[in-house]
$ cat coords.txt   # compact mmCIF, C-alpha atoms
# COMPACT_ATOMS: atom_id res chain seq x y z
CA LYS A 199 127.77 34.07 80.61
CA ASN A 200 126.37 30.91 82.24
CA ASN A 201 127.64 27.42 83.03
CA LEU A 202 126.27 25.53 80.04
CA PRO A 203 128.17 22.30 79.28
CA HIS A 204 126.12 21.37 76.20
CA LEU A 205 123.61 22.83 73.78
CA PRO A 206 120.39 21.01 72.84
CA GLU A 207 119.81 20.02 69.22
CA THR A 208 116.40 21.69 69.38
CA LEU A 209 118.10 25.09 69.15
CA GLY A 210 118.22 24.44 65.43
CA GLN A 211 114.47 25.05 65.32
CA LEU A 212 115.08 28.75 65.97
CA GLU A 213 115.75 29.29 62.29
CA LYS A 214 115.24 33.05 62.27
CA LEU A 215 118.04 33.85 64.72
CA GLU A 216 120.45 36.55 63.60
CA PHE A 217 122.51 37.39 66.72
CA VAL A 218 123.57 34.75 69.26
CA SER A 219 126.14 34.65 72.05
CA PHE A 220 127.15 31.61 74.09
CA ALA A 221 130.37 33.23 75.31
CA GLY A 222 131.94 32.19 78.60
CA ASN A 223 130.36 28.76 79.09
CA HIS A 224 131.76 25.22 79.23
CA ILE A 225 130.44 24.02 75.88
CA ASP A 226 132.63 21.29 74.35
CA ALA A 227 130.64 20.49 71.20
CA PHE A 228 128.37 22.47 68.93
CA PRO A 229 125.34 20.60 67.50
CA SER A 230 125.14 20.16 63.72
CA GLU A 231 121.56 21.46 63.82
CA ILE A 232 122.98 24.98 63.72
CA GLY A 233 123.03 24.38 59.98
CA LYS A 234 119.46 25.66 60.04
CA TRP A 235 120.63 29.10 61.20
CA VAL A 236 120.87 30.43 57.67
CA HIS A 237 120.01 34.00 58.72
CA MET A 238 122.71 34.22 61.40
CA LYS A 239 124.81 37.39 61.21
CA SER A 240 126.79 37.31 64.46
CA LEU A 241 127.79 34.26 66.52
CA ASP A 242 129.92 34.51 69.66
CA LEU A 243 131.30 31.17 70.93
CA SER A 244 134.33 32.62 72.70
CA GLY A 245 135.53 31.27 76.04
CA ASN A 246 134.28 27.71 75.68
CA ARG A 247 135.88 24.27 75.19
CA ILE A 248 135.08 23.57 71.55
CA PRO A 249 137.85 21.71 69.62
CA TYR A 250 135.92 21.33 66.35
CA LEU A 251 133.12 23.08 64.50
CA PRO A 252 130.59 20.98 62.58
CA ASP A 253 130.50 21.42 58.80
CA ALA A 254 126.87 22.51 59.21
CA ILE A 255 128.06 25.92 60.42
CA CYS A 256 129.02 26.63 56.82
CA ASN A 257 125.33 26.89 55.91
CA SER A 258 125.27 30.23 57.74
CA THR A 259 126.40 32.09 54.64
CA ALA A 260 125.02 35.40 55.95
CA LEU A 261 127.36 35.28 58.96
CA LYS A 262 129.47 38.42 59.25
CA LYS A 263 131.10 37.92 62.67
CA LEU A 264 132.30 34.65 64.21
CA LEU A 265 134.12 34.85 67.54
CA LEU A 266 135.99 31.70 68.60
CA GLU A 267 138.84 32.91 70.81
CA GLY A 268 139.38 31.04 74.06
CA ASN A 269 138.45 27.63 72.59
CA PRO A 270 140.92 24.73 72.13
CA LEU A 271 140.21 24.66 68.41
CA VAL A 272 142.44 22.54 66.19
CA GLN A 273 140.43 22.62 62.98
CA LEU A 274 138.12 24.84 60.92
CA PRO A 275 135.93 23.25 58.21
CA LEU A 276 137.26 23.97 54.73
CA ALA A 277 133.66 24.54 53.64
CA MET A 278 133.75 27.80 55.61
CA GLY A 279 135.00 29.22 52.33
CA ARG A 280 131.32 29.41 51.35
CA MET A 281 130.77 32.05 54.05
CA ARG A 282 131.51 35.01 51.77
CA ALA A 283 129.89 37.55 54.08
CA LEU A 284 132.37 36.77 56.89
CA LYS A 285 134.21 39.96 57.84
CA LYS A 286 135.39 39.21 61.37
CA LEU A 287 136.89 35.91 62.55
CA SER A 288 138.68 35.57 65.89
CA TYR A 289 140.40 32.50 67.31
CA THR A 290 143.11 31.49 69.77
CA GLY A 291 146.35 29.68 69.17
CA LYS A 292 149.34 29.77 66.87
CA GLY A 293 150.18 26.08 66.94
CA GLY A 294 148.52 22.70 67.01
CA TRP A 295 146.25 23.30 64.02
CA ILE A 296 145.25 20.38 61.84
CA SER A 297 143.44 22.44 59.20
CA PRO A 298 144.08 25.07 57.98
CA PRO A 299 147.82 24.54 58.53
CA ASN A 300 149.77 26.30 61.26
CA GLU A 301 151.51 28.55 58.76
CA ILE A 302 148.13 30.02 57.80
CA MET A 303 146.53 30.09 61.26
CA GLY A 304 149.55 31.94 62.63
CA LYS A 305 148.77 34.90 60.36
CA THR A 306 145.89 37.38 60.51
CA TYR A 307 142.32 36.23 60.11
CA HIS A 308 142.32 37.85 56.65
CA HIS A 309 144.84 35.21 55.52
CA VAL A 310 142.70 32.46 57.06
CA VAL A 311 139.56 33.64 55.30
CA SER A 312 141.48 33.98 52.04
CA TYR A 313 142.80 30.41 52.40
CA LEU A 314 139.29 29.05 52.97
CA HIS A 315 137.93 31.03 50.01
CA LYS A 316 140.71 29.70 47.77
CA TYR A 317 139.80 26.10 48.55
CA ASP A 318 136.11 26.78 48.10
CA GLU A 319 136.74 28.37 44.71
CA ALA A 320 138.92 25.41 43.71
CA LYS A 321 135.99 23.05 44.26
CA GLU A 322 134.07 25.03 41.63
CA THR A 323 136.84 25.89 39.14
CA GLN A 324 138.71 22.58 39.64
CA GLU A 325 141.93 24.62 39.64
CA LEU A 326 144.25 25.41 42.57
CA ASP A 327 147.25 27.76 42.45
CA LEU A 328 149.80 27.07 45.21
CA SER A 329 152.75 28.59 43.39
CA HIS A 330 155.31 30.85 45.11
CA GLN A 331 154.24 29.72 48.60
CA LYS A 332 157.61 28.37 49.83
CA HIS A 333 155.92 25.13 50.86
CA GLU A 334 158.28 22.36 51.97
CA TYR A 335 155.43 19.83 52.20
CA LEU A 336 151.97 19.53 50.79
CA HIS A 337 149.19 19.90 53.31
CA ALA A 338 146.53 17.20 53.21
CA ASP A 339 143.76 19.77 52.70
CA ILE A 340 144.61 19.46 49.03
CA LEU A 341 143.33 15.89 49.05
CA ALA A 342 139.85 17.15 49.86
CA LEU A 343 139.75 18.50 46.30
CA SER A 344 139.30 15.20 44.49
CA ASN A 345 137.92 16.91 41.35
CA LEU A 346 141.03 19.02 40.61
CA THR A 347 142.04 19.19 36.96
CA LYS A 348 144.81 21.79 37.36
CA LEU A 349 147.31 22.18 40.19
CA ASP A 350 150.17 24.70 40.12
CA LEU A 351 153.00 23.93 42.58
CA SER A 352 155.72 25.90 40.86
CA ASP A 353 158.37 27.85 42.78
CA ASN A 354 158.07 26.07 46.12
CA LEU A 355 160.56 24.13 48.28
CA LEU A 356 159.02 20.70 47.75
CA GLU A 357 161.30 17.67 47.72
CA ASN A 358 158.80 14.89 48.35
CA LEU A 359 155.25 14.34 47.10
CA THR A 360 154.74 10.89 48.64
CA ALA A 361 153.61 12.21 52.02
CA VAL A 362 151.36 14.97 53.23
CA VAL A 363 151.15 16.90 56.47
CA GLY A 364 147.83 17.07 58.26
CA GLU A 365 144.51 15.64 57.20
CA ALA A 366 142.19 16.10 54.25
CA ASP A 367 139.21 18.00 55.63
CA GLY A 368 139.42 16.08 58.89
CA ARG A 369 139.74 12.61 57.35
CA TRP A 370 142.51 10.08 57.13
CA THR A 371 143.86 9.76 53.59
CA ARG A 372 145.74 7.17 51.58
CA LEU A 373 148.68 9.57 51.50
CA ARG A 374 148.67 9.40 55.24
CA GLY A 375 148.88 12.69 57.08
CA ASP A 376 149.54 12.23 60.76
CA ARG A 377 147.28 14.47 62.85
CA ASP A 378 149.11 13.33 65.96
CA LEU A 379 152.05 15.49 64.94
CA TYR A 380 149.87 18.47 65.83
CA LEU A 381 148.63 17.34 69.22
CA PRO A 382 149.95 18.59 72.54
CA GLU A 383 152.11 15.87 74.07
CA ILE A 384 149.65 15.07 76.88
CA MET A 385 146.78 14.60 74.41
CA PHE A 386 148.93 12.52 72.09
CA GLN A 387 149.87 10.20 74.95
CA GLU A 388 146.27 9.91 76.12
CA LYS A 389 145.04 9.10 72.63
CA GLN A 390 147.78 6.52 72.18
CA MET A 391 146.82 4.89 75.49
CA ALA A 392 143.20 4.68 74.30
CA LYS A 393 144.28 3.06 71.04
CA ASP A 394 146.55 0.60 72.84
CA ALA A 395 143.73 -0.31 75.23
CA MET A 396 141.39 -1.06 72.34
CA LEU A 397 144.04 -3.12 70.54
CA THR A 398 144.63 -5.21 73.66
CA PHE A 399 140.90 -5.65 74.16
CA LEU A 400 140.34 -6.72 70.55
CA GLY A 401 143.17 -9.23 70.53
CA GLU A 402 145.79 -9.96 67.89
CA GLY A 403 145.60 -11.79 64.59
CA LEU A 404 142.01 -10.99 63.61
CA ASN A 405 141.05 -11.15 59.95
CA ASN A 406 138.53 -8.70 58.47
CA ARG A 407 135.50 -10.87 59.22
CA GLN A 408 136.60 -11.53 62.80
CA LEU A 409 137.37 -7.86 63.36
CA ALA A 410 133.95 -6.79 62.06
CA SER A 411 132.25 -9.38 64.27
CA ARG A 412 134.23 -8.29 67.34
CA ALA A 413 133.46 -4.62 66.68
CA GLU A 414 129.75 -5.34 66.29
CA LYS A 415 129.65 -7.30 69.55
CA ILE A 416 131.36 -4.49 71.49
CA PHE A 417 129.00 -1.94 69.96
CA SER A 418 125.89 -3.87 70.99
CA GLN A 419 127.24 -4.31 74.52
CA ILE A 420 127.80 -0.60 75.14
CA ASP A 421 124.77 0.76 73.26
CA TYR A 422 122.84 0.73 76.53
CA ASP A 423 119.78 2.63 75.31
CA GLY A 424 119.54 0.64 72.09
CA GLY A 425 119.45 3.83 70.05
CA GLY A 426 121.85 2.60 67.39
CA THR A 427 124.51 5.19 68.26
CA LEU A 428 127.17 5.52 70.94
CA GLY A 429 127.18 8.80 72.83
CA MET A 430 130.08 10.27 74.76
CA GLU A 431 129.05 8.64 78.05
CA GLU A 432 128.79 5.22 76.42
CA LEU A 433 132.19 5.65 74.78
CA ASP A 434 133.65 6.75 78.11
CA THR A 435 132.27 3.59 79.73
CA CYS A 436 133.62 1.49 76.87
CA PHE A 437 137.20 2.67 77.33
CA ARG A 438 136.93 2.42 81.11
CA ARG A 439 136.02 -1.26 80.68
CA MET A 440 139.12 -1.58 78.54
CA GLY A 441 141.11 -0.20 81.46
CA CYS A 442 141.68 3.30 80.10
CA LYS A 443 140.25 6.64 81.23
CA VAL A 444 139.93 9.00 78.26
CA SER A 445 139.10 12.70 78.57
CA ARG A 446 136.03 14.03 76.81
CA GLU A 447 138.27 16.22 74.64
CA VAL A 448 140.23 13.25 73.29
CA LEU A 449 137.07 11.15 72.92
CA LEU A 450 135.49 13.92 70.88
CA MET A 451 138.60 14.14 68.72
CA MET A 452 138.45 10.40 68.02
CA VAL A 453 134.75 10.68 67.18
CA MET A 454 135.30 13.58 64.79
CA GLU A 455 137.94 11.59 62.91
CA VAL A 456 135.27 9.14 61.79
CA SER A 457 132.08 11.22 61.93
CA ASN A 458 129.95 11.49 58.81
CA ASP A 459 127.68 14.22 60.17
CA GLY A 460 129.77 16.21 62.63
CA ASP A 461 127.84 15.26 65.77
CA ASP A 462 129.31 13.79 68.96
CA GLU A 463 127.91 10.28 68.52
CA VAL A 464 129.04 7.33 66.39
CA ASP A 465 126.74 4.97 64.56
CA MET A 466 127.70 1.43 63.59
CA ALA A 467 129.45 2.46 60.36
CA GLU A 468 131.45 5.16 62.14
CA TRP A 469 132.32 2.77 64.97
CA ASN A 470 133.59 0.21 62.47
CA ARG A 471 135.73 2.90 60.86
CA MET A 472 137.19 3.85 64.24
CA VAL A 473 137.99 0.23 65.12
CA ASN A 474 139.50 -0.43 61.69
CA ASN A 475 141.62 2.74 61.79
CA ILE A 476 143.05 1.76 65.15
CA TYR A 477 143.51 -1.94 64.43
CA LYS A 478 144.89 -1.75 60.90
CA GLY A 479 146.92 1.35 61.66
CA LYS A 480 148.73 -0.62 64.37
CA LYS A 481 149.38 -3.54 62.08
CA ASP A 482 150.78 -1.15 59.47
CA ALA A 483 153.08 0.34 62.14
CA GLN A 484 151.47 3.73 61.55
CA GLY A 485 150.46 4.37 65.16
$ encode --input "coords.txt" --output "structure tokens"
Amino acid sequence: KNNLPHLPETLGQLEKLEFVSFAGNHIDAFPSEIGKWVHMKSLDLSGNRIPYLPDAICNSTALKKLLLEGNPLVQLPLAMGRMRALKKLSYTGKGGWISPPNEIMGKTYHHVVSYLHKYDEAKETQELDLSHQKHEYLHADILALSNLTKLDLSDNLLENLTAVVGEADGRWTRLRGDRDLYLPEIMFQEKQMAKDAMLTFLGEGLNNRQLASRAEKIFSQIDYDGGGTLGMEELDTCFRRMGCKVSREVLLMMVMEVSNDGDDEVDMAEWNRMVNNIYKGKKDAQG
């Protein structure tokens, strides 16, 4: 137990690690470079401030024990279904989950692991059996399986297939699932304030070309080190200039919604996606 707020990316160079504990720190993001820990057998991240795990953790297919309790997690990567050696999974919370859905996360970890395995198998077999589940709504995780050829939804409680609950593997989808339904009220309000601040700063009535130009100009102004990406401090400064103070937790959530690589920075393409999601979502009255 220490007081570590972050972990350096260079830890990924320790590729032979098998047993690691970062329990009881203040870590709020886990670097994607852990994808190099392919020999890892036990990883203890309990008692930190991690809301998301990077997809790269799924490369640790030898992992037998993953301890996550005491973190404000809202999502587990669906690709964790590849981690067939996983025998022990601990986590905190029975509500507020984006993926897997609350109904799964509220059960034992065996159900969670089984759910992840089912989706991983479906990617290979192109078949998914969701029959006899008493589902009232489809969860957006299903939309992560774009190669499905067979889907069994028989004997459920479905009345509407035009909307989904949640997100597809952490992404917005055309059948829009609203992640904000799962947020604690204080985080929802803070995120909405951040979106409103950006909308006001951008201005109304922009066409696609004008919006892209405006987004690029803002990006260049806050990319202080010229590295081609915006880190958490630069994003914090950006929203402060827009008149809105956003917590690191909400900033990280907004970054993960558009991230291509699971890290805590946004490049130009990811920034454009964030701006477009906020701007066009408002115009579509989708919040």
$ residues_around --input "coords.txt" --residues "region 436-447 of chain A" --least-positions-apart "5" --cutoff "7 Å" --atoms "all atoms listed in the file" --output "ChimeraX atom specification"
/A:388,392,395-396,399,420
$ closest_residue --input "coords.txt" --among "A:Leu265, A:Leu212, A:Leu314, A:Leu243" --to "Ser297 (chain A)" --atoms "all atoms listed in the file"
A:Leu314
$ residues_around --input "coords.txt" --residues "region 233-241 of chain A" --least-positions-apart "3" --cutoff "9 Å" --atoms "all atoms listed in the file" --output "ChimeraX atom specification"
/A:210-220,229-230,252-266,283-284
$ residues_near_point --input "coords.txt" --point "(130.3, -2.4, 68.8)" --cutoff "12 Å" --atoms "only C-alpha atoms" --output "VMD selection string"
chain A and resid 396 400 409 to 422 424 426 to 428 432 to 433 436 464 to 474
$ closest_residue --input "coords.txt" --among "A:Gln331, A:Glu301, A:Met454, A:Lys478" --to "Pro249 (chain A)" --atoms "all atoms listed in the file"
A:Met454
$ closest_residue --input "coords.txt" --among "A:Leu343, A:Leu349, A:Ala320, A:Leu274" --to "Ile302 (chain A)" --atoms "all atoms listed in the file"
A:Leu274
$ atom_distance --input "coords.txt" --atom1 "CA of Ala221 (chain A)" --atom2 "CA of Ser244 (chain A)"
4.8 Å
$ closest_residue --input "coords.txt" --among "A:Ser312, A:Glu231, A:Gly304, A:Arg247" --to "Leu202 (chain A)" --atoms "all atoms listed in the file"
A:Arg247
$ closest_residue --input "coords.txt" --among "A:Lys348, A:Arg407, A:His315, A:Lys389" --to "Leu449 (chain A)" --atoms "all atoms listed in the file"
A:Lys389
$ axis_aligned_box --input "coords.txt" --around "region 427-432 of chain A" --padding-each-side "6 Å" --output "AutoDock Vina command-line options"
--center_x 127.3 --center_y 7.7 --center_z 73.2 --size_x 17.6 --size_y 17.1 --size_z 21.8
$ residues_around --input "coords.txt" --residues "Trp295 (chain A)" --least-positions-apart "5" --cutoff "8 Å" --atoms "only C-alpha atoms" --output "number ranges by chain"
A: 271-273, 300, 303, 380
$ write_last_selection --input "coords.txt" --atoms "C-alpha atoms" --output "compact mmCIF listing (two decimals), in the coordinates of the input"
# COMPACT_ATOMS: atom_id res chain seq x y z
CA LEU A 271 140.21 24.66 68.41
CA VAL A 272 142.44 22.54 66.19
CA GLN A 273 140.43 22.62 62.98
CA ASN A 300 149.77 26.30 61.26
CA MET A 303 146.53 30.09 61.26
CA TYR A 380 149.87 18.47 65.83
$ atom_distance --input "coords.txt" --atom1 "CA of Met385 (chain A)" --atom2 "CA of Met430 (chain A)"
17.3 Å
$ closest_residue --input "coords.txt" --among "A:Tyr335, A:Leu276, A:Val453, A:Leu341" --to "Leu355 (chain A)" --atoms "all atoms listed in the file"
A:Tyr335
$ residues_around --input "coords.txt" --residues "Asn354 (chain A)" --least-positions-apart "2" --cutoff "6 Å" --atoms "only C-alpha atoms" --output "number ranges by chain"
A: 330-333, 352, 356
